[in-house]
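Q: What follows is my_file-v3.csv; its format and atoms are CSV, C-alpha atoms and all ligand atoms.
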chain,number,residue,atom,x,y,z
A,1,MET,CA,-123.7,-149.6,94.4
A,2,SER,CA,-124.8,-152.2,97.0
A,3,LEU,CA,-126.9,-154.1,94.5
A,4,SER,CA,-126.3,-154.5,90.8
A,5,LEU,CA,-129.0,-153.2,88.4
A,6,GLN,CA,-129.8,-156.9,87.6
A,7,GLU,CA,-130.2,-157.7,91.3
A,8,LEU,CA,-132.3,-154.6,91.9
A,9,GLN,CA,-134.6,-155.6,89.0
A,10,ALA,CA,-134.8,-159.3,90.3
A,11,ASP,CA,-135.5,-158.1,93.8
A,12,PHE,CA,-138.3,-155.9,92.5
A,13,LYS,CA,-139.9,-158.8,90.7
A,14,GLN,CA,-139.6,-161.0,93.8
A,15,HIS,CA,-141.2,-158.4,96.1
A,16,PHE,CA,-143.9,-157.1,93.7
A,17,SER,CA,-144.5,-160.1,91.5
A,18,GLU,CA,-147.9,-158.8,90.4
A,19,SER,CA,-146.5,-155.5,89.0
A,20,LEU,CA,-145.1,-154.5,85.7
A,21,LYS,CA,-141.4,-154.4,84.9
A,22,PRO,CA,-140.1,-151.4,86.8
A,23,ILE,CA,-138.2,-148.5,85.3
A,24,MET,CA,-134.9,-147.8,87.1
A,25,VAL,CA,-133.6,-144.3,87.8
A,26,ARG,CA,-130.1,-143.4,89.0
A,27,SER,CA,-129.7,-140.1,90.7
A,28,PRO,CA,-126.3,-139.1,92.1
A,29,GLY,CA,-124.9,-137.5,95.2
A,30,ARG,CA,-122.7,-134.4,94.8
A,31,VAL,CA,-119.5,-132.7,95.7
A,32,ASN,CA,-119.1,-129.0,95.9
A,33,ILE,CA,-115.7,-127.5,95.1
A,34,ILE,CA,-116.3,-124.2,96.7
A,35,GLY,CA,-119.3,-121.9,97.6
A,36,GLU,CA,-120.7,-123.3,100.8
A,37,HIS,CA,-123.9,-121.9,102.5
A,38,THR,CA,-124.1,-119.5,99.7
A,39,ASP,CA,-127.0,-121.0,97.8
A,40,TYR,CA,-129.8,-119.8,100.1
A,41,ASN,CA,-128.2,-116.4,100.1
A,42,GLU,CA,-128.7,-116.1,96.4
A,43,GLY,CA,-124.9,-116.5,95.8
A,44,PHE,CA,-122.9,-118.9,93.7
A,45,VAL,CA,-122.0,-122.6,94.1
A,46,LEU,CA,-119.7,-124.9,92.1
A,47,PRO,CA,-121.0,-128.5,92.6
A,48,ALA,CA,-120.8,-131.6,90.5
A,49,ALA,CA,-122.7,-134.9,90.4
A,50,ILE,CA,-120.6,-137.9,91.4
A,51,ASP,CA,-120.3,-141.7,90.8
A,52,LYS,CA,-122.2,-142.5,94.1
A,53,ALA,CA,-125.9,-142.5,93.5
A,54,ALA,CA,-129.4,-143.5,94.7
A,55,TYR,CA,-131.2,-146.1,92.5
A,56,LEU,CA,-134.9,-146.4,92.4
A,57,ALA,CA,-136.8,-149.2,90.8
A,58,ILE,CA,-140.4,-148.2,90.4
A,59,SER,CA,-143.7,-149.1,88.7
A,60,LEU,CA,-147.2,-147.9,88.9
A,61,ARG,CA,-150.0,-149.8,90.6
A,62,ASP,CA,-153.7,-150.1,89.7
A,63,ASP,CA,-154.8,-148.9,93.2
A,64,ASP,CA,-153.7,-145.9,95.4
A,65,GLN,CA,-151.2,-147.7,97.6
A,66,ILE,CA,-147.6,-146.6,97.8
A,67,ARG,CA,-145.4,-149.5,98.8
A,68,LEU,CA,-141.8,-148.7,99.5
A,69,ILE,CA,-138.7,-150.8,100.4
A,70,ALA,CA,-135.4,-149.4,101.5
A,71,LYS,CA,-133.2,-152.3,100.5
A,72,ASP,CA,-130.0,-151.2,102.3
A,73,LEU,CA,-131.9,-150.6,105.6
A,74,ASN,CA,-134.0,-153.6,105.3
A,75,GLU,CA,-137.1,-151.5,106.0
A,76,SER,CA,-140.4,-151.1,104.3
A,77,PHE,CA,-143.2,-148.6,104.4
A,78,THR,CA,-146.7,-148.6,103.0
A,79,THR,CA,-149.2,-145.7,102.7
A,80,ASN,CA,-151.9,-144.4,100.5
A,81,VAL,CA,-151.9,-141.5,98.0
A,82,ALA,CA,-154.7,-139.9,99.9
A,83,ASP,CA,-152.8,-140.0,103.1
A,84,LEU,CA,-149.5,-138.3,102.3
A,85,LYS,CA,-147.8,-136.7,105.3
A,86,PRO,CA,-144.3,-136.6,106.8
A,87,VAL,CA,-143.3,-139.6,108.9
A,88,GLY,CA,-141.0,-139.5,111.9
A,89,ASP,CA,-137.8,-137.6,112.1
A,90,ALA,CA,-135.5,-137.5,109.1
A,91,SER,CA,-137.0,-140.9,108.0
A,92,TRP,CA,-136.2,-142.1,104.5
A,93,PRO,CA,-139.8,-142.4,103.3
A,94,ASN,CA,-140.1,-138.6,103.6
A,95,TYR,CA,-137.8,-138.0,100.7
A,96,ILE,CA,-140.0,-140.1,98.5
A,97,LEU,CA,-143.4,-139.1,99.9
A,98,GLY,CA,-142.4,-135.4,99.9
A,99,SER,CA,-141.6,-135.7,96.2
A,100,VAL,CA,-144.9,-137.4,95.5
A,101,ALA,CA,-146.7,-134.5,97.3
A,102,GLN,CA,-145.2,-132.0,94.8
A,103,PHE,CA,-147.0,-133.7,91.9
A,104,ILE,CA,-150.3,-133.5,93.8
A,105,LYS,CA,-149.7,-129.8,94.6
A,106,ARG,CA,-149.3,-129.2,90.9
A,107,GLY,CA,-152.7,-130.9,90.2
A,108,VAL,CA,-151.2,-134.1,88.7
A,109,LYS,CA,-153.4,-137.1,89.3
A,110,ILE,CA,-151.1,-139.6,91.1
A,111,LYS,CA,-151.5,-143.3,91.2
A,112,GLY,CA,-150.1,-145.8,93.7
A,113,PHE,CA,-146.7,-147.3,93.0
A,114,ASN,CA,-144.2,-149.9,94.2
A,115,ALA,CA,-140.6,-148.9,94.7
A,116,ILE,CA,-137.4,-150.3,95.9
A,117,LEU,CA,-134.6,-147.9,96.9
A,118,THR,CA,-130.9,-148.7,97.1
A,119,SER,CA,-128.1,-146.2,97.4
A,120,ASP,CA,-124.3,-146.1,97.8
A,121,VAL,CA,-124.3,-142.4,98.7
A,122,PRO,CA,-123.3,-142.6,102.4
A,123,MET,CA,-125.9,-141.1,104.6
A,124,GLY,CA,-125.0,-138.1,106.8
A,125,ALA,CA,-121.7,-137.6,104.9
A,126,GLY,CA,-122.6,-134.3,103.3
A,127,LEU,CA,-122.9,-135.9,99.9
A,128,SER,CA,-126.6,-135.2,99.5
A,129,SER,CA,-128.0,-138.6,99.9
A,130,SER,CA,-131.4,-137.2,100.5
A,131,ALA,CA,-131.4,-134.9,97.4
A,132,ALA,CA,-130.4,-138.0,95.3
A,133,VAL,CA,-133.6,-139.8,96.5
A,134,GLU,CA,-135.8,-136.8,95.9
A,135,CYS,CA,-134.5,-136.2,92.4
A,136,ALA,CA,-134.8,-140.0,91.6
A,137,THR,CA,-138.4,-140.0,92.7
A,138,VAL,CA,-139.5,-136.8,90.9
A,139,PHE,CA,-137.7,-137.9,87.7
A,140,ALA,CA,-139.2,-141.4,87.9
A,141,LEU,CA,-142.8,-140.2,88.5
A,142,ASN,CA,-142.5,-137.6,85.7
A,143,GLU,CA,-141.5,-140.4,83.4
A,144,LEU,CA,-144.1,-142.9,84.5
A,145,LEU,CA,-147.0,-140.4,84.6
A,146,GLN,CA,-145.7,-138.7,81.4
A,147,VAL,CA,-146.1,-135.2,83.0
A,148,GLY,CA,-143.5,-133.7,80.7
A,149,LEU,CA,-141.7,-131.5,83.3
A,150,ASP,CA,-138.4,-129.9,82.5
A,151,ARG,CA,-135.4,-130.6,84.7
A,152,VAL,CA,-135.2,-127.3,86.4
A,153,THR,CA,-138.9,-127.6,87.5
A,154,MET,CA,-138.1,-131.0,88.8
A,155,VAL,CA,-135.1,-129.5,90.8
A,156,HIS,CA,-137.5,-127.1,92.5
A,157,MET,CA,-140.0,-129.9,93.3
A,158,ALA,CA,-137.2,-132.0,94.8
A,159,GLN,CA,-136.1,-129.0,96.9
A,160,LYS,CA,-139.6,-128.5,98.2
A,161,ALA,CA,-139.8,-132.1,99.2
A,162,GLU,CA,-136.8,-131.5,101.5
A,163,HIS,CA,-138.4,-128.3,102.9
A,164,GLU,CA,-141.9,-129.7,103.5
A,165,PHE,CA,-141.3,-133.4,104.4
A,166,ALA,CA,-137.7,-133.4,105.9
A,167,GLY,CA,-138.0,-130.0,107.5
A,168,VAL,CA,-134.6,-128.7,106.3
A,169,MET,CA,-134.9,-125.3,104.6
A,170,CYS,CA,-132.1,-126.2,102.2
A,171,GLY,CA,-130.9,-124.1,99.2
A,172,ILE,CA,-131.1,-125.4,95.7
A,173,MET,CA,-127.5,-126.7,95.2
A,174,ASP,CA,-127.9,-130.3,96.1
A,175,GLN,CA,-131.0,-131.1,94.0
A,176,PHE,CA,-129.6,-129.0,91.1
A,177,ALA,CA,-126.3,-130.9,91.1
A,178,SER,CA,-128.0,-134.2,91.3
A,179,MET,CA,-130.5,-133.5,88.5
A,180,MET,CA,-128.3,-131.4,86.2
A,181,GLY,CA,-124.8,-132.9,86.6
A,182,LYS,CA,-122.6,-133.5,83.6
A,183,LYS,CA,-119.7,-135.9,83.3
A,184,ASP,CA,-116.3,-134.3,84.0
A,185,HIS,CA,-117.8,-130.8,84.5
A,186,VAL,CA,-118.6,-128.7,87.6
A,187,ILE,CA,-121.6,-126.5,87.5
A,188,ARG,CA,-121.1,-122.8,88.1
A,189,LEU,CA,-124.6,-121.9,89.3
A,190,ASP,CA,-125.9,-118.5,90.1
A,191,CYS,CA,-128.5,-119.3,92.8
A,192,ARG,CA,-130.3,-116.0,92.2
A,193,SER,CA,-131.0,-116.2,88.5
A,194,LEU,CA,-130.4,-120.0,88.2
A,195,GLU,CA,-128.1,-119.3,85.2
A,196,TYR,CA,-125.5,-122.0,85.0
A,197,VAL,CA,-122.4,-122.8,83.1
A,198,TYR,CA,-120.7,-126.2,82.9
A,199,VAL,CA,-117.0,-125.8,83.5
A,200,PRO,CA,-114.7,-128.6,82.5
A,201,PHE,CA,-113.1,-130.3,85.5
A,202,SER,CA,-110.8,-133.0,84.3
A,203,LEU,CA,-107.6,-132.3,86.1
A,204,GLY,CA,-105.4,-135.2,84.9
A,205,SER,CA,-103.6,-136.6,87.9
A,206,ILE,CA,-105.4,-134.4,90.4
A,207,LYS,CA,-108.2,-136.2,92.0
A,208,ILE,CA,-111.1,-135.4,94.3
A,209,LEU,CA,-110.6,-137.3,97.6
A,210,LEU,CA,-113.4,-137.3,100.1
A,211,LEU,CA,-112.4,-138.0,103.7
A,212,ASN,CA,-115.4,-139.0,105.8
A,213,THR,CA,-115.2,-138.0,109.5
A,214,ASN,CA,-118.0,-140.5,110.2
A,215,VAL,CA,-119.5,-137.9,112.5
A,216,LYS,CA,-123.2,-137.9,111.7
A,217,HIS,CA,-124.3,-134.4,111.4
A,218,SER,CA,-127.1,-134.5,114.0
A,219,LEU,CA,-127.0,-130.8,114.7
A,220,ALA,CA,-127.1,-130.0,111.1
A,221,SER,CA,-130.8,-129.4,110.4
A,222,SER,CA,-131.5,-127.2,113.4
A,223,GLU,CA,-128.3,-125.2,113.1
A,224,TYR,CA,-128.8,-125.0,109.3
A,225,ASN,CA,-132.1,-123.3,109.8
A,226,THR,CA,-130.6,-121.0,112.4
A,227,ARG,CA,-127.8,-119.9,110.0
A,228,ARG,CA,-130.4,-119.2,107.4
A,229,ARG,CA,-132.3,-117.0,109.8
A,230,GLU,CA,-129.1,-115.2,110.9
A,231,CYS,CA,-128.3,-114.3,107.3
A,232,GLU,CA,-131.9,-113.0,106.9
A,233,THR,CA,-131.5,-110.9,110.0
A,234,ALA,CA,-128.3,-109.3,108.5
A,235,VAL,CA,-130.2,-108.6,105.3
A,236,GLU,CA,-133.1,-107.0,107.3
A,237,TRP,CA,-130.7,-104.7,109.1
A,238,VAL,CA,-129.1,-103.5,105.9
A,239,CYS,CA,-132.5,-103.2,104.3
A,240,ALA,CA,-133.7,-100.9,107.0
A,241,ASN,CA,-131.0,-98.4,105.9
A,242,LYS,CA,-130.5,-99.1,102.2
A,243,GLN,CA,-132.8,-99.5,99.2
A,244,GLY,CA,-132.8,-102.4,96.8
A,245,ILE,CA,-131.4,-105.0,99.1
A,246,GLN,CA,-133.0,-108.4,98.7
A,247,SER,CA,-130.4,-110.8,99.9
A,248,LEU,CA,-126.7,-111.0,101.0
A,249,ARG,CA,-125.9,-111.0,97.3
A,250,ASP,CA,-126.7,-107.2,97.3
A,251,VAL,CA,-124.8,-106.5,100.5
A,252,THR,CA,-121.2,-105.3,100.6
A,253,LEU,CA,-118.6,-105.6,103.4
A,254,GLU,CA,-118.9,-101.8,104.0
A,255,MET,CA,-122.6,-102.2,104.6
A,256,LEU,CA,-121.9,-104.8,107.2
A,257,ASP,CA,-119.4,-102.5,108.9
A,258,GLU,CA,-122.0,-99.8,108.9
A,259,PHE,CA,-125.3,-101.6,109.7
A,260,VAL,CA,-124.6,-105.0,111.1
A,261,LEU,CA,-121.3,-105.2,113.0
A,262,LYS,CA,-122.5,-102.8,115.8
A,263,GLN,CA,-125.7,-104.6,116.4
A,264,SER,CA,-124.2,-108.1,116.5
A,265,PRO,CA,-120.6,-109.2,115.8
A,266,GLU,CA,-121.9,-112.7,115.5
A,267,ILE,CA,-124.4,-112.0,112.8
A,268,ASP,CA,-121.8,-109.8,111.1
A,269,GLN,CA,-119.4,-112.8,111.0
A,270,ARG,CA,-122.0,-115.0,109.4
A,271,ALA,CA,-122.8,-112.5,106.7
A,272,ARG,CA,-119.2,-111.6,106.1
A,273,TYR,CA,-118.3,-115.2,105.5
A,274,VAL,CA,-121.0,-115.5,102.8
A,275,ILE,CA,-119.9,-112.4,101.0
A,276,GLU,CA,-116.3,-113.4,101.1
A,277,GLU,CA,-117.1,-116.9,100.0
A,278,ASN,CA,-118.9,-115.6,96.9
A,279,THR,CA,-115.8,-113.6,96.0
A,280,ARG,CA,-113.6,-116.7,96.6
A,281,LEU,CA,-115.8,-118.7,94.3
A,282,LEU,CA,-115.8,-116.3,91.4
A,283,GLU,CA,-112.0,-115.8,91.7
A,284,GLY,CA,-111.7,-119.6,92.0
A,285,CYS,CA,-113.6,-120.0,88.7
A,286,THR,CA,-111.1,-117.8,87.0
A,287,ASP,CA,-108.3,-119.9,88.5
A,288,LEU,CA,-109.9,-123.0,87.1
A,289,GLN,CA,-110.3,-121.5,83.6
A,290,LYS,CA,-106.5,-120.6,83.7
A,291,GLY,CA,-105.7,-124.1,85.0
A,292,ASP,CA,-104.2,-122.6,88.2
A,293,ILE,CA,-105.5,-125.4,90.5
A,294,SER,CA,-103.0,-124.4,93.2
A,295,SER,CA,-104.6,-121.0,93.5
A,296,LEU,CA,-108.1,-122.5,93.5
A,297,GLY,CA,-106.9,-124.9,96.2
A,298,LYS,CA,-105.7,-122.0,98.4
A,299,LYS,CA,-109.2,-120.6,98.2
A,300,MET,CA,-110.6,-123.9,99.4
A,301,PHE,CA,-108.5,-123.6,102.5
A,302,GLY,CA,-109.8,-120.1,102.9
A,303,SER,CA,-113.3,-121.3,102.6
A,304,HIS,CA,-112.7,-123.9,105.3
A,305,HIS,CA,-111.3,-121.2,107.6
A,306,GLY,CA,-114.4,-119.1,107.1
A,307,LEU,CA,-116.8,-122.0,107.6
A,308,SER,CA,-115.0,-123.0,110.8
A,309,ALA,CA,-114.1,-119.6,112.4
A,310,MET,CA,-116.8,-117.3,111.1
A,311,TYR,CA,-119.8,-119.4,110.0
A,312,HIS,CA,-119.3,-121.9,112.8
A,313,VAL,CA,-120.6,-125.0,111.0
A,314,SER,CA,-117.4,-127.1,111.3
A,315,CYS,CA,-116.5,-129.5,114.1
A,316,LYS,CA,-113.2,-130.7,115.6
A,317,GLU,CA,-113.0,-133.8,113.4
A,318,LEU,CA,-113.4,-131.7,110.2
A,319,ASP,CA,-110.9,-129.2,111.4
A,320,TRP,CA,-108.4,-131.9,112.3
A,321,LEU,CA,-108.7,-133.4,108.8
A,322,VAL,CA,-108.1,-130.1,107.1
A,323,ASP,CA,-105.2,-129.3,109.4
A,324,HIS,CA,-103.5,-132.6,108.8
A,325,VAL,CA,-103.4,-132.2,105.0
A,326,LYS,CA,-102.5,-128.5,105.0
A,327,ASN,CA,-98.8,-129.0,104.9
A,328,ASN,CA,-98.8,-131.8,102.4
A,329,ASP,CA,-97.5,-130.4,99.1
A,330,ALA,CA,-99.6,-133.0,97.2
A,331,VAL,CA,-102.8,-131.6,98.5
A,332,LEU,CA,-103.7,-128.4,96.6
A,333,GLY,CA,-106.9,-127.6,98.6
A,334,ALA,CA,-109.1,-129.0,101.3
A,335,ARG,CA,-112.2,-128.0,103.2
A,336,MET,CA,-115.3,-129.3,104.9
A,337,MET,CA,-118.1,-129.8,102.4
A,338,GLY,CA,-121.9,-129.5,102.6
A,339,GLY,CA,-124.0,-128.3,105.5
A,340,GLY,CA,-121.3,-129.1,108.1
A,341,PHE,CA,-121.1,-130.5,111.7
A,342,GLY,CA,-119.7,-133.7,110.3
A,343,GLY,CA,-119.6,-135.5,107.0
A,344,CYS,CA,-116.7,-135.2,104.6
A,345,THR,CA,-113.8,-133.0,103.7
A,346,ILE,CA,-113.1,-132.5,100.0
A,347,ASN,CA,-109.4,-132.6,99.0
A,348,LEU,CA,-107.8,-131.9,95.6
A,349,ILE,CA,-104.8,-134.2,95.6
A,350,HIS,CA,-102.2,-135.7,93.3
A,351,GLU,CA,-103.2,-139.2,92.6
A,352,ASP,CA,-100.0,-140.9,93.6
A,353,ALA,CA,-100.1,-139.2,97.0
A,354,ILE,CA,-103.5,-140.6,98.0
A,355,GLN,CA,-102.4,-143.9,99.5
A,356,PRO,CA,-99.4,-142.5,101.3
A,357,LEU,CA,-101.7,-139.8,102.8
A,358,ILE,CA,-104.3,-142.3,103.9
A,359,ASP,CA,-101.6,-144.5,105.4
A,360,ILE,CA,-100.6,-141.6,107.7
A,361,VAL,CA,-103.9,-139.8,108.3
A,362,LYS,CA,-106.2,-142.7,108.8
A,363,PRO,CA,-104.5,-144.4,111.8
A,364,ALA,CA,-103.8,-141.0,113.4
A,365,TYR,CA,-107.4,-139.8,113.0
A,366,GLU,CA,-108.8,-143.1,114.4
A,367,GLU,CA,-106.5,-142.9,117.3
A,368,VAL,CA,-107.3,-139.3,118.3
A,369,MET,CA,-111.0,-139.3,117.4
A,370,GLY,CA,-112.0,-142.8,118.2
A,371,LEU,CA,-113.9,-143.0,115.0
A,372,PRO,CA,-113.3,-144.8,111.7
A,373,LEU,CA,-112.0,-142.7,108.8
A,374,THR,CA,-113.4,-143.8,105.5
A,375,TYR,CA,-112.4,-142.3,102.1
A,376,TYR,CA,-113.6,-142.2,98.5
A,377,VAL,CA,-112.1,-140.9,95.3
A,378,ALA,CA,-115.0,-139.3,93.6
A,379,THR,CA,-115.4,-139.0,89.8
A,380,ILE,CA,-117.7,-136.6,88.2
A,381,GLU,CA,-120.7,-138.2,86.4
A,382,ASN,CA,-124.0,-137.3,84.7
A,383,GLY,CA,-127.1,-136.2,86.6
A,384,THR,CA,-130.4,-138.1,87.1
A,385,GLU,CA,-131.1,-140.6,84.3
A,386,ILE,CA,-132.9,-143.8,83.4
A,387,VAL,CA,-130.7,-146.8,83.6
A,388,THR,CA,-131.2,-150.3,82.3
A,389,ALA,CA,-130.1,-153.7,83.7
B,401,LIG,C1,-126.8,-128.5,102.4
B,401,LIG,C2,-128.0,-127.9,101.7
B,401,LIG,C3,-127.5,-127.0,100.5
B,401,LIG,C4,-126.4,-126.1,100.9
B,401,LIG,C5,-125.3,-126.8,101.7
B,401,LIG,C6,-124.3,-125.8,102.2
B,401,LIG,O1,-126.1,-129.4,101.6
B,401,LIG,O2,-128.8,-128.9,101.3
B,401,LIG,O3,-128.6,-126.4,99.9
B,401,LIG,O4,-126.9,-125.0,101.6
B,401,LIG,O5,-125.8,-127.5,102.8
B,401,LIG,O6,-123.6,-125.2,101.2
The structure in this file should be written as structure tokens.
A:
Amino acid sequence: MSLSLQELQADFKQHFSESLKPIMVRSPGRVNIIGEHTDYNEGFVLPAAIDKAAYLAISLRDDDQIRLIAKDLNESFTTNVADLKPVGDASWPNYILGSVAQFIKRGVKIKGFNAILTSDVPMGAGLSSSAAVECATVFALNELLQVGLDRVTMVHMAQKAEHEFAGVMCGIMDQFASMMGKKDHVIRLDCRSLEYVYVPFSLGSIKILLLNTNVKHSLASSEYNTRRRECETAVEWVCANKQGIQSLRDVTLEMLDEFVLKQSPEIDQRARYVIEENTRLLEGCTDLQKGDISSLGKKMFGSHHGLSAMYHVSCKELDWLVDHVKNNDAVLGARMMGGGFGGCTINLIHEDAIQPLIDIVKPAYEEVMGLPLTYYVATIENGTEIVTA
């Protein structure tokens, strides 16, 4: 993290000398092994919380003021509990204010508070930096106000904060992973029933390497909402002909052939990708249980192909990075991760091959794309929790 917990606590004291000692909450970013753009289609995902996280130091005030500081951006924002509304475009206070608004909607009496936010989840990298802040806020307020909410309810509240204050109609994966993560496990989550299983994911010398294109996904929110509508359209077309269809989860490839393909090859491709991705994920989980990481890795390449050629949420930088690890025997699987249009690729790679790969790919990428290539080896950690200095 950019500040140690001691520094965060000291900083809080310095800025808000009048207030009580803060509680500090850590809420992580996430990776997703496979199952992209499936969550809002009631499909499956396979995410995990990681070692990069948002940290919120927060304590209640006696009045109704909300005073926020984003340490890493050197920005501050002040408002009032009675005056909660979204601010600007994709602005960081929205993640906090949107989360506060969820308590008010539930009839919880909210007090003012002071908070300092710091995070080492890179922004716009597809690692869910915003979900981390939302989950941290909901968790912290639940604790401070002693509301007694369970974690899954808090996941829903954090997701609503993103919908209502950030304007992205995201699925449930990011907030679920941040709040529910478990060290050394991925979460196989059924986004329809919200049933979930923790699957051990300790692969010895195989590591999770994230390669960051450093392309900020500026198209992401508008195109994201468009993809969501395209999937809904496919469902409507099938629904008009078949009973009992609620989402793409109920749709088969044969139904697409019959009711969608003729009307729009483009919408057919979107829906086909989602159905195929769910199959890849379920088969990939079997691979994981058998310890066949090479077979899981192949499905990750398949996922990338679908995201790029059928779902159209990749970009040339992401495609380049996947192409340039494809023939490396030490890389078992790679694909773009998250919403798309930039951000990171996730690679399953043998540990001793990481540096040699970086030595080749980094200069080549930087030369061709004119952008820096940054990278992280992610470890899988616990979800949202109180931390102490
Ligand atoms: C973003 C959203 C998630 C999910 C992914 C794509 O991260 O927040 O809900 O839809 O994109 O899988």
Q: Measuring atom to atom with all atoms listed in the file, identify which of A:Ser314, A:Leu321, A:Cys135, A:Phe16 is nearest to Val368 in chain A.
A: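 Among A:Ser314, A:Leu321, A:Cys135, A:Phe16, it is A:Leu321 that comes nearest to Val368 in chain A.
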Q: Give me, as a PyMOL selection string, the set of residues whose atoms come within 10 Å of any atom of ligand LIG 401 (chain B), counting only C-alpha atoms and all ligand atoms.
A: chain A and resi 30-32+34-41+44-47+125-131+159+162-163+168-176+220-221+224-225+227-228+307+313+336-340
Q: Can you measure CA of Ile275 in chain A to CA of Gly43 in chain A for me? One decimal in Å is fine.
A: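 Between these atoms lies a distance of 8.3 Å.
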Q: Hey, what's within 12 Å of Met123 in chain A if we count all atoms listed in the file and toss same-chain stuff fewer than 2 positions away? As a PyMOL selection string, please?
A: chain A and resi 29+52-54+72-73+90-92+118-121+125-133+212+214-218+342-344
Q: Quick one: residues within 9 Å of Val25 in chain A, only C-alpha atoms, excluding same-chain residues fewer than 5 positions away - as a PyMOL selection string?
A: chain A and resi 54-58+136-137+139-140+384-388
Q: Residues of range 290-389 of chain A within 10 Å of range 187-202 of chain A: nearest atom pair and distance (Å, one decimal) for each, counting all atoms listed in the file, sorted by chain and number, as a tab-separated table?
A:
residue	atom	partner	partner_atom	distance
A:Gly291	CA	A:Phe201	CA	9.7
A:Thr379	CA	A:Ser202	CA	9.3
A:Ile380	CA	A:Phe201	CA	8.3
Q: Can you pull out the residues contacting Asp150 in chain A? Cut-off 12 Å, using all atoms listed in the file, and skip same-chain residues under 5 positions away; I want them as a PDB file with C-alpha atoms, keeping the file's coordinate frame.
A:
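Written output follows (out34.pdb):
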ATOM      1  CA  VAL A 138    -139.500-136.800  90.900  1.00  0.00           C
ATOM      2  CA  PHE A 139    -137.700-137.900  87.700  1.00  0.00           C
ATOM      3  CA  ASN A 142    -142.500-137.600  85.700  1.00  0.00           C
ATOM      4  CA  GLU A 143    -141.500-140.400  83.400  1.00  0.00           C
ATOM      5  CA  VAL A 155    -135.100-129.500  90.800  1.00  0.00           C
ATOM      6  CA  HIS A 156    -137.500-127.100  92.500  1.00  0.00           C
ATOM      7  CA  MET A 157    -140.000-129.900  93.300  1.00  0.00           C
ATOM      8  CA  MET A 179    -130.500-133.500  88.500  1.00  0.00           C
ATOM      9  CA  MET A 180    -128.300-131.400  86.200  1.00  0.00           C
TER      10      MET A 180
END
Q: With distances taken over all atoms listed in the file, which residue among A:Leu348, A:Val377, A:Ala115, A:Ile208 lies nearest Leu141 in chain A?
A: A:Ala115
Q: Using all atoms listed in the file, determine which residues lie at most 8 Å from Val238 in chain A, disregarding the query and same-chain residues fewer than 6 positions distant; provide the list as a ChimeraX atom specification.
A: /A:245,251,255-256,259-260
Q: Taking 4 positions as the minimum chain separation for residues in the same chain, which residues sit within 7 Å of Tyr311 in chain A when counting only C-alpha atoms? Answer as a list in words.
A: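 Answer for this query is Gln269, Arg270, Tyr273, Gly306 and Leu307 of chain A.
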Q: Which one of A:Glu366, A:Asp184, A:Arg26, A:His312 sits closest to Glu223 in chain A if you count all atoms listed in the file?
A: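 For Glu223 in chain A, the nearest of the given residues is A:His312.
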Q: Point out the residue among A:Arg280, A:Lys182, A:Arg67, A:Lys262 with the least atom-to-atom distance to Pro93 in chain A, counting only C-alpha atoms.
A: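 Between A:Arg280, A:Lys182, A:Arg67, A:Lys262, the residue approaching Pro93 in chain A most closely is A:Arg67.
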Q: Report, in Å to a single decimal, how far apart CA of Leu248 in chain A and CA of Val152 in chain A are.
A: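 Spanning CA of Val152 in chain A to CA of Leu248 in chain A is a straight-line distance of 23.5 Å.
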Q: Here is a test: counting only C-alpha atoms, which residue of A:Ile104, A:Val274, A:Leu210, A:Ala389 is nearest to Glu42 in chain A?
A: A:Val274
Q: So, with all atoms listed in the file as the atoms that count, which of A:Leu60, A:Ala70, A:Leu145, A:Ala166 lies closest to Asn114 in chain A?
A: A:Leu60
Q: Separation of CA of Asp268 in chain A and CA of Lys242 in chain A, in Å?
A: 16.4 Å
Q: Could you give me, as JSON, numbers by chain, the residues that have an atom at most 6 Å away from the point (-115.5, -142.6, 102.8) in the coordinates of the file, using all atoms listed in the file?
A: {"A": [211, 212, 374, 375, 376]}
